[in-house]
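Quick look at coords-v7.pdb (PDB, C-alpha atoms):
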MODEL        1
ATOM      1  CA  MET B 296      75.986 108.250 119.025
ATOM      2  CA  ARG B 297      79.500 106.880 118.589
ATOM      3  CA  SER B 298      82.219 109.271 119.711
ATOM      4  CA  ALA B 299      84.750 110.302 117.097
ATOM      5  CA  PRO B 300      88.012 108.323 117.228
ATOM      6  CA  LYS B 301      91.124 110.201 118.264
ATOM      7  CA  MET B 302      93.819 111.059 115.769
ATOM      8  CA  ARG B 303      96.557 108.424 115.993
ATOM      9  CA  TRP B 304      99.787 110.180 115.135
ATOM     10  CA  GLN B 305     102.402 108.118 113.328
ATOM     11  CA  ASN B 306     105.884 108.949 112.135
ATOM     12  CA  THR B 307     105.839 109.511 108.377
ATOM     13  CA  HIS B 308     109.044 107.575 107.748
ATOM     14  CA  THR B 309     107.857 104.621 109.846
ATOM     15  CA  ILE B 310     104.565 104.098 108.025
ATOM     16  CA  ILE B 311     105.624 105.025 104.476
ATOM     17  CA  ALA B 312     109.264 104.069 103.873
ATOM     18  CA  PRO B 313     109.001 100.301 104.626
ATOM     19  CA  GLN B 314     106.228  99.928 102.053
ATOM     20  CA  ILE B 315     108.166 101.462  99.148
ATOM     21  CA  ARG B 316     109.287  98.736  96.750
ATOM     22  CA  ALA B 317     112.651  98.624  94.983
ATOM     23  CA  ASP B 318     111.046 100.208  91.907
ATOM     24  CA  GLY B 319     109.929 103.216  93.976
ATOM     25  CA  VAL B 320     106.234 102.309  94.115
ATOM     26  CA  HIS B 321     104.568 102.718  97.489
ATOM     27  CA  VAL B 322     101.935 100.080  98.256
ATOM     28  CA  TRP B 323      99.340 100.779 100.918
ATOM     29  CA  PRO B 324      97.597  97.763 102.546
ATOM     30  CA  PHE B 325      94.018  98.724 101.721
ATOM     31  CA  ASP B 326      91.038  96.671 102.782
ATOM     32  CA  PRO B 327      89.833  95.310  99.394
ATOM     33  CA  SER B 328      86.232  96.043 100.341
ATOM     34  CA  LEU B 329      87.047  99.692 101.109
ATOM     35  CA  PRO B 330      90.212 100.904  99.315
ATOM     36  CA  LEU B 331      90.521 104.106 101.331
ATOM     37  CA  ALA B 332      92.594 105.102 104.361
ATOM     38  CA  VAL B 333      93.043 108.138 106.586
ATOM     39  CA  THR B 334      96.379 108.741 108.298
ATOM     40  CA  PHE B 335      97.681 111.364 110.699
ATOM     41  CA  GLN B 336     101.412 111.783 110.196
ATOM     42  CA  VAL B 337     104.146 113.682 111.995
ATOM     43  CA  PHE B 338     107.521 114.391 110.401
ATOM     44  CA  GLY B 339     109.852 113.238 113.155
ATOM     45  CA  GLU B 340     113.581 112.655 113.454
ATOM     46  CA  GLY B 341     113.804 109.817 110.928
ATOM     47  CA  GLN B 342     115.325 110.072 107.475
ATOM     48  CA  PRO B 343     113.158 111.746 104.819
ATOM     49  CA  VAL B 344     111.050 109.382 102.745
ATOM     50  CA  ARG B 345     112.604 108.802  99.322
ATOM     51  CA  MET B 346     110.920 109.672  96.036
ATOM     52  CA  ASN B 347     108.039 107.340  95.283
ATOM     53  CA  ARG B 348     104.767 107.076  93.473
ATOM     54  CA  HIS B 349     101.647 104.993  94.107
ATOM     55  CA  ASP B 350      98.597 103.622  92.337
ATOM     56  CA  TYR B 351      96.268 105.347  94.799
ATOM     57  CA  PHE B 352      95.407 109.055  94.898
ATOM     58  CA  GLU B 353      96.544 111.218  97.802
ATOM     59  CA  ILE B 354      95.214 114.357  99.471
ATOM     60  CA  ALA B 355      97.262 115.848 102.320
ATOM     61  CA  TYR B 356      96.217 118.670 104.642
ATOM     62  CA  VAL B 357      98.974 120.490 106.531
ATOM     63  CA  LEU B 358      97.715 120.692 110.105
ATOM     64  CA  SER B 359     100.749 122.417 111.577
ATOM     65  CA  GLY B 360     104.122 123.717 110.525
ATOM     66  CA  GLU B 361     105.511 123.634 107.011
ATOM     67  CA  VAL B 362     106.608 120.806 104.744
ATOM     68  CA  LEU B 363     108.547 120.748 101.529
ATOM     69  CA  CYS B 364     106.984 118.725  98.750
ATOM     70  CA  ARG B 365     108.832 117.675  95.623
ATOM     71  CA  VAL B 366     106.774 116.476  92.660
ATOM     72  CA  ALA B 367     108.889 115.325  89.714
ATOM     73  CA  ASP B 368     111.406 118.178  89.249
ATOM     74  CA  ARG B 369     109.440 120.879  91.130
ATOM     75  CA  THR B 370     109.609 121.676  94.845
ATOM     76  CA  PHE B 371     106.949 123.547  96.846
ATOM     77  CA  ARG B 372     106.808 124.849 100.389
ATOM     78  CA  CYS B 373     103.448 123.861 101.853
ATOM     79  CA  ARG B 374     102.268 125.830 104.862
ATOM     80  CA  GLU B 375      99.787 125.233 107.646
ATOM     81  CA  GLY B 376      96.227 125.187 106.337
ATOM     82  CA  GLU B 377      97.180 124.263 102.770
ATOM     83  CA  LEU B 378      96.210 121.185 100.811
ATOM     84  CA  ILE B 379      98.393 119.005  98.579
ATOM     85  CA  VAL B 380      96.841 116.979  95.742
ATOM     86  CA  ILE B 381      98.851 114.090  94.286
ATOM     87  CA  GLY B 382      97.868 111.696  91.493
ATOM     88  CA  SER B 383      99.240 108.241  90.752
ATOM     89  CA  SER B 384     101.825 108.754  88.007
ATOM     90  CA  LEU B 385     104.254 111.298  89.472
ATOM     91  CA  TYR B 386     107.183 110.519  91.736
ATOM     92  CA  HIS B 387     107.152 112.735  94.800
ATOM     93  CA  ARG B 388     108.098 113.044  98.450
ATOM     94  CA  MET B 389     107.526 115.322 101.461
ATOM     95  CA  TRP B 390     109.960 116.280 104.191
ATOM     96  CA  ARG B 391     110.667 118.916 106.839
ATOM     97  CA  ASP B 392     113.576 121.373 106.654
ATOM     98  CA  THR B 393     113.303 122.949 110.115
ATOM     99  CA  ARG B 394     113.592 121.684 113.675
ATOM    100  CA  ALA B 395     109.820 121.741 114.007
ATOM    101  CA  HIS B 396     107.802 118.573 113.488
ATOM    102  CA  PRO B 397     104.997 119.419 111.059
ATOM    103  CA  ARG B 398     101.843 117.335 111.004
ATOM    104  CA  ILE B 399      99.617 116.342 108.104
ATOM    105  CA  ALA B 400      96.308 114.544 107.736
ATOM    106  CA  THR B 401      96.081 112.427 104.602
ATOM    107  CA  ILE B 402      93.473 110.482 102.739
ATOM    108  CA  PHE B 403      94.558 107.736 100.352
ATOM    109  CA  PHE B 404      92.071 106.098  97.996
ATOM    110  CA  MET B 405      92.055 103.939  94.912
ATOM    111  CA  PRO B 406      90.258 105.503  91.937
ATOM    112  CA  GLU B 407      87.962 102.493  91.531
ATOM    113  CA  PHE B 408      86.373 103.379  94.872
ATOM    114  CA  ILE B 409      84.718 106.223  92.936
ATOM    115  CA  CYS B 410      84.659 104.880  89.410
ATOM    116  CA  GLU B 411      85.327 101.343  88.155
ATOM    117  CA  ALA B 412      86.827 102.547  84.876
ATOM    118  CA  ALA B 413      88.382 105.791  83.665
ATOM    119  CA  THR B 414      85.796 106.564  81.023
ATOM    120  CA  ASN B 415      83.785 109.580  79.961
ATOM    121  CA  GLY B 416      81.159 108.750  82.568
ATOM    122  CA  GLU B 417      79.923 111.345  85.013
ATOM    123  CA  GLN B 418      81.485 109.535  87.969
ATOM    124  CA  ALA B 419      84.910 109.638  86.342
ATOM    125  CA  GLU B 420      84.788 113.439  86.213
ATOM    126  CA  PHE B 421      85.311 113.467  89.981
ATOM    127  CA  LEU B 422      88.863 112.279  89.303
ATOM    128  CA  MET B 423      89.875 114.869  86.699
ATOM    129  CA  PRO B 424      92.234 116.822  89.013
ATOM    130  CA  PHE B 425      94.205 113.623  89.657
ATOM    131  CA  TYR B 426      94.454 112.470  86.054
ATOM    132  CA  ARG B 427      95.252 115.901  84.598
ATOM    133  CA  GLN B 428      98.480 116.572  86.469
ATOM    134  CA  GLU B 429     100.743 117.845  83.723
ATOM    135  CA  ALA B 430     104.044 119.689  84.204
ATOM    136  CA  LYS B 431     102.542 122.945  85.512
ATOM    137  CA  PHE B 432      99.719 121.474  87.575
ATOM    138  CA  PRO B 433      99.178 123.517  90.801
ATOM    139  CA  HIS B 434      99.415 120.733  93.372
ATOM    140  CA  VAL B 435      98.941 123.075  96.342
ATOM    141  CA  VAL B 436      95.508 124.503  97.170
ATOM    142  CA  PRO B 437      96.028 127.731  99.170
ATOM    143  CA  ALA B 438      94.410 128.141 102.573
ATOM    144  CA  ARG B 439      92.870 131.466 101.507
ATOM    145  CA  THR B 440      90.474 129.636  99.165
ATOM    146  CA  GLY B 441      88.738 128.076 102.180
ATOM    147  CA  ILE B 442      88.790 124.702 100.436
ATOM    148  CA  PRO B 443      91.517 123.036 102.554
ATOM    149  CA  ALA B 444      89.588 123.708 105.786
ATOM    150  CA  GLU B 445      86.409 122.251 104.266
ATOM    151  CA  VAL B 446      88.309 119.216 103.031
ATOM    152  CA  PHE B 447      89.834 118.626 106.457
ATOM    153  CA  LYS B 448      86.382 118.642 108.064
ATOM    154  CA  LEU B 449      85.298 115.974 105.604
ATOM    155  CA  ILE B 450      88.454 113.949 106.260
ATOM    156  CA  GLN B 451      87.526 114.033 109.937
ATOM    157  CA  ARG B 452      84.021 112.804 109.116
ATOM    158  CA  ILE B 453      85.448 109.952 107.081
ATOM    159  CA  HIS B 454      87.840 109.107 109.913
ATOM    160  CA  ALA B 455      84.908 109.064 112.365
ATOM    161  CA  THR B 456      83.063 106.598 110.110
ATOM    162  CA  LEU B 457      85.939 104.140 109.759
ATOM    163  CA  PRO B 458      86.077 101.198 109.869
ATOM    164  CA  ALA B 459      83.055 101.269 107.564
ATOM    165  CA  GLN B 460      81.628  97.840 108.288
ATOM    166  CA  THR B 461      78.069  98.389 107.107
ATOM    167  CA  THR B 462      76.566  99.313 103.770
ATOM    168  CA  ARG B 463      75.399 102.647 105.162
ATOM    169  CA  ALA B 464      78.854 103.408 106.574
ATOM    170  CA  ARG B 465      80.514 102.666 103.238
ATOM    171  CA  LEU B 466      77.949 104.852 101.472
ATOM    172  CA  SER B 467      78.731 107.642 103.937
ATOM    173  CA  VAL B 468      82.475 107.369 103.305
ATOM    174  CA  ARG B 469      81.979 107.403  99.534
ATOM    175  CA  THR B 470      79.647 110.414  99.811
ATOM    176  CA  TYR B 471      82.072 112.405 101.978
ATOM    177  CA  LEU B 472      84.875 111.604  99.536
ATOM    178  CA  LYS B 473      82.771 112.785  96.618
ATOM    179  CA  MET B 474      82.104 116.022  98.502
ATOM    180  CA  ILE B 475      85.874 116.489  98.770
ATOM    181  CA  LEU B 476      86.350 115.679  95.104
ATOM    182  CA  ILE B 477      83.716 118.104  93.839
ATOM    183  CA  LEU B 478      85.396 120.868  95.845
ATOM    184  CA  LEU B 479      88.623 120.036  94.016
ATOM    185  CA  VAL B 480      86.942 119.742  90.619
ATOM    186  CA  ASN B 481      85.414 123.202  91.060
ATOM    187  CA  HIS B 482      88.687 124.671  92.312
ATOM    188  CA  TYR B 483      90.677 123.267  89.390
ATOM    189  CA  SER B 484      88.059 124.024  86.732
ATOM    190  CA  PRO B 485      89.954 127.114  85.420
ATOM    191  CA  TYR B 486      93.056 124.945  84.964
ATOM    192  CA  LEU B 487      91.222 121.924  83.558
ATOM    193  CA  GLY B 488      89.024 123.983  81.244
ATOM    194  CA  THR B 489      86.696 121.956  79.056
ATOM    195  CA  ARG B 490      89.023 118.988  78.620
ATOM    196  CA  GLN B 491      87.357 115.645  79.130
ATOM    197  CA  LEU B 492      88.750 112.697  81.019
ATOM    198  CA  GLY B 493      88.442 110.531  77.936
ATOM    199  CA  ASP B 494      90.939 112.791  76.173
ATOM    200  CA  ARG B 495      93.718 112.128  78.656
ATOM    201  CA  LYS B 496      96.673 109.873  78.035
ATOM    202  CA  LEU B 497      97.995 108.123  81.147
ATOM    203  CA  GLU B 498     101.713 107.616  81.256
TER     204      GLU B 498
ENDMDL
END

Starting from the coordinates I provided, produce the structure as structure tokens.
Amino acid sequence: MRSAPKMRWQNTHTIIAPQIRADGVHVWPFDPSLPLAVTFQVFGEGQPVRMNRHDYFEIAYVLSGEVLCRVADRTFRCREGELIVIGSSLYHRMWRDTRAHPRIATIFFMPEFICEAATNGEQAEFLMPFYRQEAKFPHVVPARTGIPAEVFKLIQRIHATLPAQTTRARLSVRTYLKMILILLVNHYSPYLGTRQLGDRKLE
């Protein structure tokens, strides 16, 4: 059995800031055959990353410390053990405001990795929490729900499977991601209600 790869810690500013275009869009260099990436980031001494948005979806688990997260005109303090859920249309950034160096584990993925088109199809429902991020959307999933810890375990399983060079490996990655997404769909169901993905209007 292949041993799990170690977490490779990278400075947040170093791996994010250089890839933000002049228009504020962050572009991640995905493998076209598997548009998904796992990163392990530490908020070091560099300048905070500026506001940006991206076409991919982002899930961040706070492994240690606390980070501040600004989404549009709202700012949240995200503590150890909490999860942050970010869609593709909102400008946002994360930074530290203490001397400590908080660490986060993130998963980035393009929506087409789950569903080729944003339609009313069953597969598209996995993405509802990312498409339905209106002004009062609760981006932070509290640790007390137990969901962040479960999601982090699945992120670790995805990380252990990468690079997914076989059909079975890619199926495993997609399955683990769907397990994460159904946890989020169930968590956000009171907020999302009975609204359907086909009813949304993307800005």

Task: CA of Gln314 in chain B to CA of Leu329 in chain B, straight-line distance in Å - done: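 Those two atoms sit 19.2 Å apart.
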
TODO: Up to 9 Å from (87.9, 118.9, 98.7) in the file's coordinates: name the residues, counting only C-alpha atoms, as a VMD selection string.
DONE: chain B and resid 354 378 442 to 447 449 472 to 480 482

Open item on the list: As an exercise, work out the distance from CA of Arg369 in chain B to CA of Lys431 in chain B in Å and give it to one decimal place.
Closed with: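 According to the coordinates, CA of Arg369 in chain B and CA of Lys431 in chain B are separated by 9.1 Å.
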
Find the spatial neighbours of Val344 in chain B, counting only C-alpha atoms, within a cut-off of 9 Å - ignore same-chain residues fewer than 3 positions away - and output them as a compact mmCIF listing (two decimals) with C-alpha atoms, in the coordinates of the input.
# COMPACT_ATOMS: atom_id res chain seq x y z
CA THR B 307 105.84 109.51 108.38
CA HIS B 308 109.04 107.58 107.75
CA ILE B 311 105.62 105.02 104.48
CA ALA B 312 109.26 104.07 103.87
CA GLY B 341 113.80 109.82 110.93
CA ASN B 347 108.04 107.34 95.28
CA ARG B 388 108.10 113.04 98.45
CA MET B 389 107.53 115.32 101.46
CA TRP B 390 109.96 116.28 104.19

Task: Atom pair CA of Phe421 in chain B / CA of Ile409 in chain B: separation (Å) - done: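 Interatomic distance, CA of Phe421 in chain B to CA of Ile409 in chain B: 7.8 Å.
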
Task: Option closest in space to Gln418 in chain B, from B:Gln342, B:Val337, B:Arg469, B:Phe432 [counting all atoms listed in the file] - done: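 Answer, going by the shortest atom-to-atom distance: B:Arg469.
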
TODO: Find, counting all atoms listed in the file, the residue in B:Arg398, B:Pro300, B:Arg348, B:Val435 that gets nearest to Asp318 in chain B.
DONE: B:Arg348

Task: Neighbour list for Asp326 in chain B as an MDAnalysis selection string, cut-off 12 Å, only C-alpha atoms, skip fewer than 2 positions in-chain - done: chainID B and resid 323:324 328:332 403:405 408 457:460

Task: Nearest to Pro327 in chain B, chosen from B:Glu407, B:Thr470, B:Leu385, B:Ala419, with all atoms listed in the file counted in the distances - done: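 Going through B:Glu407, B:Thr470, B:Leu385, B:Ala419 one by one, the smallest distance to Pro327 in chain B is for B:Glu407.
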